[in-house]
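Here is the file target.pdb (PDB, C-alpha atoms, pLDDT in the B column).
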ATOM      1  CA  MET L   1      68.122 164.223 126.493  1.00 57.00           C
ATOM      2  CA  SER L   2      71.358 163.061 127.919  1.00 84.00           C
ATOM      3  CA  GLU L   3      71.433 160.473 130.649  1.00 91.00           C
ATOM      4  CA  PRO L   4      72.506 161.316 134.198  1.00 95.00           C
ATOM      5  CA  MET L   5      76.107 160.958 135.288  1.00 97.00           C
ATOM      6  CA  ARG L   6      77.118 158.642 138.064  1.00 97.00           C
ATOM      7  CA  ILE L   7      79.244 160.462 140.613  1.00 97.00           C
ATOM      8  CA  ARG L   8      80.950 158.896 143.623  1.00 97.00           C
ATOM      9  CA  ALA L   9      82.883 161.012 146.091  1.00 97.00           C
ATOM     10  CA  ASN L  10      84.454 159.185 149.020  1.00 97.00           C
ATOM     11  CA  VAL L  11      86.506 161.101 151.540  1.00 97.00           C
ATOM     12  CA  GLN L  12      89.368 159.556 153.476  1.00 95.00           C
ATOM     13  CA  GLY L  13      91.245 161.887 155.786  1.00 94.00           C
ATOM     14  CA  ASP L  14      90.688 165.232 154.087  1.00 93.00           C
ATOM     15  CA  VAL L  15      91.030 164.035 150.493  1.00 96.00           C
ATOM     16  CA  ALA L  16      87.961 163.125 148.470  1.00 97.00           C
ATOM     17  CA  ASP L  17      88.385 160.556 145.725  1.00 97.00           C
ATOM     18  CA  VAL L  18      85.881 161.605 143.053  1.00 97.00           C
ATOM     19  CA  ARG L  19      84.885 159.222 140.276  1.00 98.00           C
ATOM     20  CA  ILE L  20      82.545 160.308 137.515  1.00 98.00           C
ATOM     21  CA  LEU L  21      80.964 158.224 134.794  1.00 98.00           C
ATOM     22  CA  MET L  22      79.287 160.141 131.968  1.00 97.00           C
ATOM     23  CA  ARG L  23      77.078 158.837 129.184  1.00 97.00           C
ATOM     24  CA  HIS L  24      78.156 160.130 125.794  1.00 97.00           C
ATOM     25  CA  PRO L  25      78.862 158.543 122.373  1.00 96.00           C
ATOM     26  CA  MET L  26      82.215 160.402 121.977  1.00 96.00           C
ATOM     27  CA  GLU L  27      82.168 159.986 118.182  1.00 95.00           C
ATOM     28  CA  THR L  28      85.574 160.626 116.611  1.00 94.00           C
ATOM     29  CA  GLY L  29      84.292 161.720 113.205  1.00 92.00           C
ATOM     30  CA  GLN L  30      86.391 158.933 111.678  1.00 89.00           C
ATOM     31  CA  ARG L  31      83.927 156.074 111.909  1.00 91.00           C
ATOM     32  CA  LYS L  32      81.540 155.165 109.104  1.00 90.00           C
ATOM     33  CA  ASP L  33      78.016 153.837 109.449  1.00 91.00           C
ATOM     34  CA  SER L  34      76.648 150.788 107.590  1.00 92.00           C
ATOM     35  CA  LYS L  35      76.040 152.954 104.483  1.00 94.00           C
ATOM     36  CA  GLY L  36      79.658 154.032 104.431  1.00 92.00           C
ATOM     37  CA  GLU L  37      78.860 157.571 105.504  1.00 94.00           C
ATOM     38  CA  ILE L  38      81.005 159.249 108.100  1.00 94.00           C
ATOM     39  CA  ILE L  39      79.344 159.565 111.506  1.00 94.00           C
ATOM     40  CA  PRO L  40      79.728 163.232 112.480  1.00 95.00           C
ATOM     41  CA  VAL L  41      82.130 164.107 115.258  1.00 95.00           C
ATOM     42  CA  HIS L  42      80.298 164.432 118.587  1.00 96.00           C
ATOM     43  CA  PHE L  43      82.217 164.579 121.848  1.00 97.00           C
ATOM     44  CA  ILE L  44      82.454 166.252 125.239  1.00 97.00           C
ATOM     45  CA  GLN L  45      84.841 169.204 125.002  1.00 96.00           C
ATOM     46  CA  SER L  46      84.739 170.540 128.513  1.00 97.00           C
ATOM     47  CA  VAL L  47      84.082 169.176 131.994  1.00 97.00           C
ATOM     48  CA  VAL L  48      84.005 171.471 135.016  1.00 97.00           C
ATOM     49  CA  VAL L  49      83.986 170.002 138.532  1.00 97.00           C
ATOM     50  CA  THR L  50      83.136 172.188 141.526  1.00 97.00           C
ATOM     51  CA  HIS L  51      83.505 171.516 145.253  1.00 97.00           C
ATOM     52  CA  ASN L  52      80.908 173.440 147.284  1.00 97.00           C
ATOM     53  CA  GLY L  53      80.529 175.784 144.319  1.00 96.00           C
ATOM     54  CA  LYS L  54      84.270 176.462 143.882  1.00 96.00           C
ATOM     55  CA  PRO L  55      85.827 175.136 140.674  1.00 96.00           C
ATOM     56  CA  VAL L  56      88.467 172.463 141.340  1.00 97.00           C
ATOM     57  CA  LEU L  57      88.992 170.894 137.927  1.00 97.00           C
ATOM     58  CA  ASP L  58      88.489 172.181 134.418  1.00 97.00           C
ATOM     59  CA  ALA L  59      89.046 169.490 131.819  1.00 97.00           C
ATOM     60  CA  GLN L  60      89.343 170.031 128.079  1.00 97.00           C
ATOM     61  CA  TRP L  61      88.931 166.904 126.020  1.00 97.00           C
ATOM     62  CA  SER L  62      89.364 165.750 122.450  1.00 96.00           C
ATOM     63  CA  GLN L  63      87.424 163.032 120.665  1.00 96.00           C
ATOM     64  CA  ALA L  64      90.131 160.593 121.828  1.00 96.00           C
ATOM     65  CA  VAL L  65      88.449 160.216 125.204  1.00 97.00           C
ATOM     66  CA  SER L  66      86.582 156.894 125.265  1.00 97.00           C
ATOM     67  CA  ARG L  67      82.840 156.481 124.833  1.00 96.00           C
ATOM     68  CA  ASP L  68      80.911 156.879 128.109  1.00 97.00           C
ATOM     69  CA  PRO L  69      83.815 158.788 129.651  1.00 98.00           C
ATOM     70  CA  PHE L  70      85.307 158.143 133.061  1.00 98.00           C
ATOM     71  CA  LEU L  71      86.958 160.936 135.018  1.00 98.00           C
ATOM     72  CA  GLY L  72      88.770 160.540 138.316  1.00 98.00           C
ATOM     73  CA  LEU L  73      90.163 163.327 140.473  1.00 98.00           C
ATOM     74  CA  ARG L  74      91.162 164.006 144.080  1.00 97.00           C
ATOM     75  CA  VAL L  75      90.062 167.023 146.080  1.00 97.00           C
ATOM     76  CA  LYS L  76      91.941 168.078 149.188  1.00 96.00           C
ATOM     77  CA  GLY L  77      90.119 169.797 152.030  1.00 95.00           C
ATOM     78  CA  ALA L  78      86.874 167.915 151.505  1.00 96.00           C
ATOM     79  CA  LYS L  79      84.615 166.475 154.183  1.00 95.00           C
ATOM     80  CA  ALA L  80      81.482 164.362 154.299  1.00 96.00           C
ATOM     81  CA  GLY L  81      78.412 166.347 153.313  1.00 97.00           C
ATOM     82  CA  ASP L  82      80.258 168.588 150.839  1.00 97.00           C
ATOM     83  CA  LYS L  83      78.757 168.982 147.380  1.00 97.00           C
ATOM     84  CA  ILE L  84      80.515 167.960 144.182  1.00 97.00           C
ATOM     85  CA  ALA L  85      78.899 169.215 140.978  1.00 98.00           C
ATOM     86  CA  VAL L  86      79.944 168.250 137.464  1.00 98.00           C
ATOM     87  CA  THR L  87      78.999 169.990 134.214  1.00 97.00           C
ATOM     88  CA  TRP L  88      79.982 168.768 130.771  1.00 97.00           C
ATOM     89  CA  THR L  89      79.575 170.598 127.465  1.00 97.00           C
ATOM     90  CA  ASP L  90      79.909 168.878 124.099  1.00 96.00           C
ATOM     91  CA  ASN L  91      80.862 170.182 120.665  1.00 95.00           C
ATOM     92  CA  LYS L  92      77.188 170.630 119.735  1.00 95.00           C
ATOM     93  CA  GLY L  93      76.640 172.878 122.748  1.00 94.00           C
ATOM     94  CA  ASP L  94      74.668 170.304 124.724  1.00 95.00           C
ATOM     95  CA  LYS L  95      75.241 170.480 128.461  1.00 95.00           C
ATOM     96  CA  ARG L  96      74.466 168.440 131.502  1.00 96.00           C
ATOM     97  CA  THR L  97      75.020 169.074 135.219  1.00 97.00           C
ATOM     98  CA  ASP L  98      74.744 166.541 138.019  1.00 97.00           C
ATOM     99  CA  GLU L  99      75.584 166.761 141.703  1.00 97.00           C
ATOM    100  CA  ALA L 100      76.636 164.361 144.427  1.00 97.00           C
ATOM    101  CA  THR L 101      77.364 164.529 148.148  1.00 97.00           C
ATOM    102  CA  VAL L 102      80.741 163.568 149.570  1.00 97.00           C
ATOM    103  CA  VAL L 103      80.485 160.536 151.863  1.00 97.00           C
ATOM    104  CA  ALA L 104      82.999 159.038 154.283  1.00 94.00           C
ATOM    105  CA  ALA L 105      84.851 156.067 152.787  1.00 85.00           C
ATOM    106  CA  SER L 106      83.747 152.864 154.455  1.00 73.00           C
TER     107      SER L 106
ATOM    108  CA  MET J   1      73.786 211.727 135.858  1.00 49.00           C
ATOM    109  CA  ASN J   2      71.048 209.608 134.485  1.00 58.00           C
ATOM    110  CA  GLN J   3      73.033 208.892 131.364  1.00 58.00           C
ATOM    111  CA  ARG J   4      76.048 207.778 133.323  1.00 57.00           C
ATOM    112  CA  ARG J   5      73.886 205.389 135.300  1.00 55.00           C
ATOM    113  CA  ARG J   6      72.545 203.932 132.087  1.00 56.00           C
ATOM    114  CA  ALA J   7      76.050 203.436 130.758  1.00 53.00           C
ATOM    115  CA  LEU J   8      77.079 201.657 133.948  1.00 49.00           C
ATOM    116  CA  LEU J   9      74.037 199.420 133.812  1.00 49.00           C
ATOM    117  CA  ALA J  10      74.773 198.551 130.215  1.00 51.00           C
ATOM    118  CA  THR J  11      78.365 197.652 131.077  1.00 49.00           C
ATOM    119  CA  ALA J  12      77.306 195.511 134.008  1.00 49.00           C
ATOM    120  CA  GLY J  13      74.736 193.726 131.878  1.00 47.00           C
ATOM    121  CA  GLY J  14      77.289 193.083 129.173  1.00 46.00           C
ATOM    122  CA  ALA J  15      79.812 191.679 131.624  1.00 47.00           C
ATOM    123  CA  GLY J  16      77.138 189.411 133.053  1.00 44.00           C
ATOM    124  CA  ALA J  17      76.352 188.012 129.644  1.00 44.00           C
ATOM    125  CA  PHE J  18      80.024 187.291 129.013  1.00 44.00           C
ATOM    126  CA  ALA J  19      80.376 185.572 132.388  1.00 42.00           C
ATOM    127  CA  THR J  20      77.472 183.295 131.490  1.00 43.00           C
ATOM    128  CA  LEU J  21      79.258 182.335 128.312  1.00 43.00           C
ATOM    129  CA  GLY J  22      82.361 181.558 130.318  1.00 41.00           C
ATOM    130  CA  LEU J  23      84.389 184.142 128.443  1.00 42.00           C
ATOM    131  CA  LEU J  24      85.056 186.439 131.334  1.00 40.00           C
ATOM    132  CA  ALA J  25      84.207 184.200 134.257  1.00 39.00           C
ATOM    133  CA  PRO J  26      86.226 185.101 137.333  1.00 41.00           C
ATOM    134  CA  GLY J  27      88.350 182.734 139.369  1.00 40.00           C
ATOM    135  CA  ARG J  28      91.188 180.482 138.405  1.00 43.00           C
ATOM    136  CA  ALA J  29      89.505 177.427 136.961  1.00 46.00           C
ATOM    137  CA  ARG J  30      87.168 179.284 134.649  1.00 49.00           C
ATOM    138  CA  ALA J  31      85.849 177.253 131.779  1.00 56.00           C
ATOM    139  CA  ALA J  32      88.971 177.717 129.698  1.00 66.00           C
ATOM    140  CA  ALA J  33      88.547 178.248 125.979  1.00 83.00           C
ATOM    141  CA  TRP J  34      88.909 174.908 124.223  1.00 91.00           C
ATOM    142  CA  ASN J  35      92.480 174.647 122.928  1.00 93.00           C
ATOM    143  CA  LYS J  36      91.513 174.266 119.250  1.00 93.00           C
ATOM    144  CA  PRO J  37      95.032 174.458 117.756  1.00 93.00           C
ATOM    145  CA  GLY J  38      96.313 171.984 120.355  1.00 95.00           C
ATOM    146  CA  PHE J  39      93.537 169.480 119.862  1.00 95.00           C
ATOM    147  CA  GLU J  40      93.655 169.754 116.082  1.00 94.00           C
ATOM    148  CA  ALA J  41      97.429 169.344 115.864  1.00 95.00           C
ATOM    149  CA  LYS J  42      98.351 166.171 114.014  1.00 95.00           C
ATOM    150  CA  ALA J  43     101.847 165.814 115.426  1.00 95.00           C
ATOM    151  CA  ALA J  44     102.662 165.383 119.105  1.00 94.00           C
ATOM    152  CA  GLY J  45     105.311 168.112 118.903  1.00 94.00           C
ATOM    153  CA  ASP J  46     102.806 170.641 117.562  1.00 94.00           C
ATOM    154  CA  ALA J  47     100.299 169.669 120.248  1.00 95.00           C
ATOM    155  CA  ILE J  48     102.910 170.237 122.955  1.00 94.00           C
ATOM    156  CA  ARG J  49     103.878 173.605 121.466  1.00 94.00           C
ATOM    157  CA  ASN J  50     100.214 174.592 121.515  1.00 93.00           C
ATOM    158  CA  LEU J  51     100.117 173.905 125.246  1.00 94.00           C
ATOM    159  CA  GLY J  52     102.590 176.756 125.520  1.00 91.00           C
ATOM    160  CA  ALA J  53     105.425 174.423 126.455  1.00 87.00           C
ATOM    161  CA  ALA J  54     108.747 175.351 124.899  1.00 82.00           C
ATOM    162  CA  ASN J  55     111.097 173.380 127.140  1.00 89.00           C
ATOM    163  CA  LEU J  56     110.083 170.118 128.725  1.00 94.00           C
ATOM    164  CA  THR J  57     112.019 168.753 131.685  1.00 95.00           C
ATOM    165  CA  GLU J  58     111.864 165.003 132.237  1.00 96.00           C
ATOM    166  CA  SER J  59     110.559 164.404 135.740  1.00 97.00           C
ATOM    167  CA  LYS J  60     110.486 161.319 137.928  1.00 96.00           C
ATOM    168  CA  ASP J  61     107.792 162.976 140.029  1.00 97.00           C
ATOM    169  CA  ILE J  62     105.196 162.275 137.368  1.00 97.00           C
ATOM    170  CA  ALA J  63     103.695 158.795 137.407  1.00 98.00           C
ATOM    171  CA  ILE J  64     101.672 157.496 134.472  1.00 98.00           C
ATOM    172  CA  THR J  65      99.430 154.577 135.318  1.00 98.00           C
ATOM    173  CA  ALA J  66      98.425 152.755 132.143  1.00 97.00           C
ATOM    174  CA  PRO J  67      98.513 149.147 130.992  1.00 97.00           C
ATOM    175  CA  ASP J  68     101.710 147.842 129.318  1.00 96.00           C
ATOM    176  CA  ILE J  69      99.494 146.085 126.809  1.00 96.00           C
ATOM    177  CA  ALA J  70      95.998 147.331 125.988  1.00 95.00           C
ATOM    178  CA  GLU J  71      93.967 144.647 124.265  1.00 90.00           C
ATOM    179  CA  ASN J  72      91.238 147.096 123.353  1.00 93.00           C
ATOM    180  CA  GLY J  73      92.466 150.428 122.020  1.00 94.00           C
ATOM    181  CA  ALA J  74      88.967 151.900 122.417  1.00 95.00           C
ATOM    182  CA  VAL J  75      89.283 151.946 126.192  1.00 96.00           C
ATOM    183  CA  VAL J  76      92.765 152.542 127.593  1.00 97.00           C
ATOM    184  CA  PRO J  77      92.735 153.697 131.224  1.00 97.00           C
ATOM    185  CA  VAL J  78      95.349 156.392 131.820  1.00 98.00           C
ATOM    186  CA  ALA J  79      95.962 158.060 135.172  1.00 98.00           C
ATOM    187  CA  VAL J  80      98.584 160.721 135.780  1.00 98.00           C
ATOM    188  CA  THR J  81      99.840 161.590 139.245  1.00 98.00           C
ATOM    189  CA  SER J  82     102.128 164.582 139.645  1.00 97.00           C
ATOM    190  CA  ARG J  83     104.010 165.029 142.891  1.00 97.00           C
ATOM    191  CA  ILE J  84     105.472 168.302 141.633  1.00 96.00           C
ATOM    192  CA  PRO J  85     104.387 171.108 143.998  1.00 95.00           C
ATOM    193  CA  ASN J  86     101.852 173.591 142.605  1.00 94.00           C
ATOM    194  CA  THR J  87     100.820 171.394 139.700  1.00 96.00           C
ATOM    195  CA  GLN J  88      98.515 173.601 137.631  1.00 96.00           C
ATOM    196  CA  THR J  89      97.723 171.520 134.568  1.00 96.00           C
ATOM    197  CA  ILE J  90      98.127 167.945 133.383  1.00 97.00           C
ATOM    198  CA  SER J  91      97.872 167.063 129.688  1.00 97.00           C
ATOM    199  CA  ILE J  92      97.721 163.577 128.200  1.00 97.00           C
ATOM    200  CA  ILE J  93      99.119 162.969 124.721  1.00 97.00           C
ATOM    201  CA  ALA J  94      98.891 159.694 122.792  1.00 97.00           C
ATOM    202  CA  GLU J  95     101.764 160.409 120.433  1.00 96.00           C
ATOM    203  CA  LYS J  96     100.663 158.324 117.432  1.00 95.00           C
ATOM    204  CA  ASN J  97      96.950 159.135 117.522  1.00 95.00           C
ATOM    205  CA  PRO J  98      95.580 161.089 114.515  1.00 94.00           C
ATOM    206  CA  PHE J  99      95.111 163.994 116.946  1.00 95.00           C
ATOM    207  CA  PRO J 100      97.627 163.287 119.722  1.00 96.00           C
ATOM    208  CA  LEU J 101      96.383 165.644 122.442  1.00 97.00           C
ATOM    209  CA  ALA J 102      93.641 163.744 124.280  1.00 97.00           C
ATOM    210  CA  ALA J 103      92.976 165.833 127.358  1.00 97.00           C
ATOM    211  CA  THR J 104      94.113 168.770 129.451  1.00 97.00           C
ATOM    212  CA  PHE J 105      93.141 169.155 133.102  1.00 97.00           C
ATOM    213  CA  ASP J 106      93.385 172.488 134.948  1.00 96.00           C
ATOM    214  CA  MET J 107      93.578 172.146 138.728  1.00 96.00           C
ATOM    215  CA  ALA J 108      92.486 174.768 141.258  1.00 94.00           C
ATOM    216  CA  ASN J 109      91.235 175.246 144.819  1.00 92.00           C
ATOM    217  CA  GLY J 110      92.674 172.087 146.353  1.00 91.00           C
ATOM    218  CA  ALA J 111      92.446 169.629 143.467  1.00 95.00           C
ATOM    219  CA  GLU J 112      95.468 167.325 143.772  1.00 96.00           C
ATOM    220  CA  GLY J 113      97.854 166.742 140.872  1.00 96.00           C
ATOM    221  CA  TYR J 114      95.984 163.696 139.712  1.00 97.00           C
ATOM    222  CA  ALA J 115      93.652 162.913 136.840  1.00 98.00           C
ATOM    223  CA  SER J 116      92.312 159.621 135.601  1.00 98.00           C
ATOM    224  CA  VAL J 117      90.563 159.096 132.279  1.00 98.00           C
ATOM    225  CA  ARG J 118      90.013 156.445 129.604  1.00 98.00           C
ATOM    226  CA  ILE J 119      91.211 157.213 126.101  1.00 97.00           C
ATOM    227  CA  LYS J 120      91.166 155.681 122.631  1.00 96.00           C
ATOM    228  CA  MET J 121      94.446 154.707 121.003  1.00 95.00           C
ATOM    229  CA  GLY J 122      94.789 153.861 117.329  1.00 92.00           C
ATOM    230  CA  GLN J 123      98.025 151.925 117.672  1.00 94.00           C
ATOM    231  CA  THR J 124     100.950 151.138 119.949  1.00 96.00           C
ATOM    232  CA  SER J 125     102.374 154.450 121.050  1.00 96.00           C
ATOM    233  CA  ASN J 126     104.016 156.442 123.773  1.00 97.00           C
ATOM    234  CA  VAL J 127     101.592 158.096 126.140  1.00 97.00           C
ATOM    235  CA  ARG J 128     103.094 161.354 127.306  1.00 97.00           C
ATOM    236  CA  ALA J 129     102.072 163.416 130.293  1.00 97.00           C
ATOM    237  CA  VAL J 130     102.909 167.122 130.271  1.00 97.00           C
ATOM    238  CA  VAL J 131     102.627 168.860 133.638  1.00 97.00           C
ATOM    239  CA  LYS J 132     102.696 172.599 134.187  1.00 96.00           C
ATOM    240  CA  ALA J 133     103.790 173.668 137.666  1.00 96.00           C
ATOM    241  CA  ASP J 134     104.757 177.200 138.691  1.00 93.00           C
ATOM    242  CA  GLY J 135     104.806 178.140 135.028  1.00 91.00           C
ATOM    243  CA  ARG J 136     107.366 175.457 134.071  1.00 95.00           C
ATOM    244  CA  PHE J 137     106.720 172.322 132.065  1.00 96.00           C
ATOM    245  CA  TYR J 138     107.650 168.775 133.029  1.00 97.00           C
ATOM    246  CA  THR J 139     107.064 165.515 131.230  1.00 97.00           C
ATOM    247  CA  ALA J 140     107.076 161.753 131.557  1.00 97.00           C
ATOM    248  CA  VAL J 141     106.339 159.009 129.075  1.00 97.00           C
ATOM    249  CA  LYS J 142     105.101 155.422 129.068  1.00 97.00           C
ATOM    250  CA  GLU J 143     104.685 153.065 126.142  1.00 97.00           C
ATOM    251  CA  VAL J 144     101.344 151.325 125.734  1.00 97.00           C
ATOM    252  CA  LYS J 145     101.152 148.413 123.286  1.00 96.00           C
ATOM    253  CA  VAL J 146      97.785 148.274 121.571  1.00 95.00           C
ATOM    254  CA  THR J 147      96.527 144.955 120.208  1.00 89.00           C
ATOM    255  CA  VAL J 148      93.346 146.211 118.520  1.00 81.00           C
ATOM    256  CA  GLY J 149      93.191 149.911 117.647  1.00 74.00           C
ATOM    257  CA  GLY J 150      90.250 151.944 118.833  1.00 71.00           C
ATOM    258  CA  CYS J 151      90.120 154.973 116.618  1.00 62.00           C
ATOM    259  CA  GLY J 152      88.435 153.648 113.482  1.00 54.00           C
TER     260      GLY J 152
END

Take the structure in this file and express it as structure tokens.
Amino acid sequence: MSEPMRIRANVQGDVADVRILMRHPMETGQRKDSKGEIIPVHFIQSVVVTHNGKPVLDAQWSQAVSRDPFLGLRVKGAKAGDKIAVTWTDNKGDKRTDEATVVAAS
Amino acid sequence: MNQRRRALLATAGGAGAFATLGLLAPGRARAAAWNKPGFEAKAAGDAIRNLGAANLTESKDIAITAPDIAENGAVVPVAVTSRIPNTQTISIIAEKNPFPLAATFDMANGAEGYASVRIKMGQTSNVRAVVKADGRFYTAVKEVKVTVGGCG
């Protein structure tokens, strides 16, 4: 089972600054283990971010994105209490969705 | 009559199944099909062509935020801000990586022209941003020196 994402969404004015931290090995398929065998490629290919159910960002990634990926975006027209949901899908078809509530920036 | 109803039901069911798979999902930022030829291209030029970009215009309205020197190539923070109106997509290309295209971001429904991500870089290289706005392509570039590569 994959571990939960950490999602922060702080709104200032009407723009929400969304920061997402995912947990994923993001293997490039170029590394070798201690026995000299190639570790199979395993990475997040797609990340979809929605704001109150409407898609705002659709990311396509390669294995060049770092391990435990970070994603930052800005959503206009957001207010405190809105919902931000994030779904990633990796090259093995595994998926994970997590949700957070937009809060006013302190 | 009955047969027609059955046919309609079958069609609706089929469309539903496709939508679940993200193949026919409505709306602008549908889960786009993963750009296999782009991500598997081994040369930056091929990757850019596979984004559908024939002519790139250099733009000062694209800002790339990345370190001048990255000590650890495994984690290079790269943020791209596009002030070009109607920015639709932002792509990040590490030109000398084995597979240069690192990420493409499709914006919709109020997402600003901004994306921030951390990428791996095998060696010192130009990091190129390609922005699509109103169907045209713009670009900017920034060199990042890598002390220890992060692709192996």

*Applied to this file, what does the ChimeraX specification (/L :<9) & /J return in terms of residues, put as a ChimeraX atom specification?*
/J:27-35,39-40,74-77,79,94,97,99-121,150-152

*asked:* For the PyMOL selection byres ((chain L and resi 101) around 7), applied here, can you spell out every residue it catches as a ChimeraX atom specification?
replied: /L:9,81-84,100,102-103

*Any chance you could resolve the PyMOL selection byres ((chain J and resi 70-72) around 6) against this file and give the residues as a ChimeraX atom specification?*
/J:67,69,73-75,145-148

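Here atom CA of Ala85 of chain L is placed at a distance of 12.8 Å from atom CA of Met22 of chain L.
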
*asked:* So that I can check the surroundings of Lys95 of chain L, please list as a list in words every protein, DNA and RNA residue that reaches within 12 Å of it, counting only C-alpha atoms and ignoring chain neighbours fewer than 5 positions away.
replied: Met1, Ser2, Glu3, Pro4, Met5, Met22, Arg23, His24, Phe43, Ile44, Gln45, Ser46, Val47, Val48, Val86, Thr87, Trp88, Thr89 and Asp90 of chain L

*Kindly give the distance, in Å, that separates atom CA of Arg136 of chain J and atom CA of Thr124 of chain J, rounded to a single decimal.*
28.8 Å

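For the pair atom CA of Thr65 of chain J and atom CA of Ile93 of chain J, the separation is 13.5 Å.
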
Enclose all atoms of segment 68-85 of chain J listed in the file in an axis-aligned box, grow every side by 6 Å, and hand back centre and edge lengths in Å to one decimal, as JSON.
{"center_x": 97.2, "center_y": 157.9, "center_z": 133.0, "size_x": 28.5, "size_y": 38.5, "size_z": 34.0}
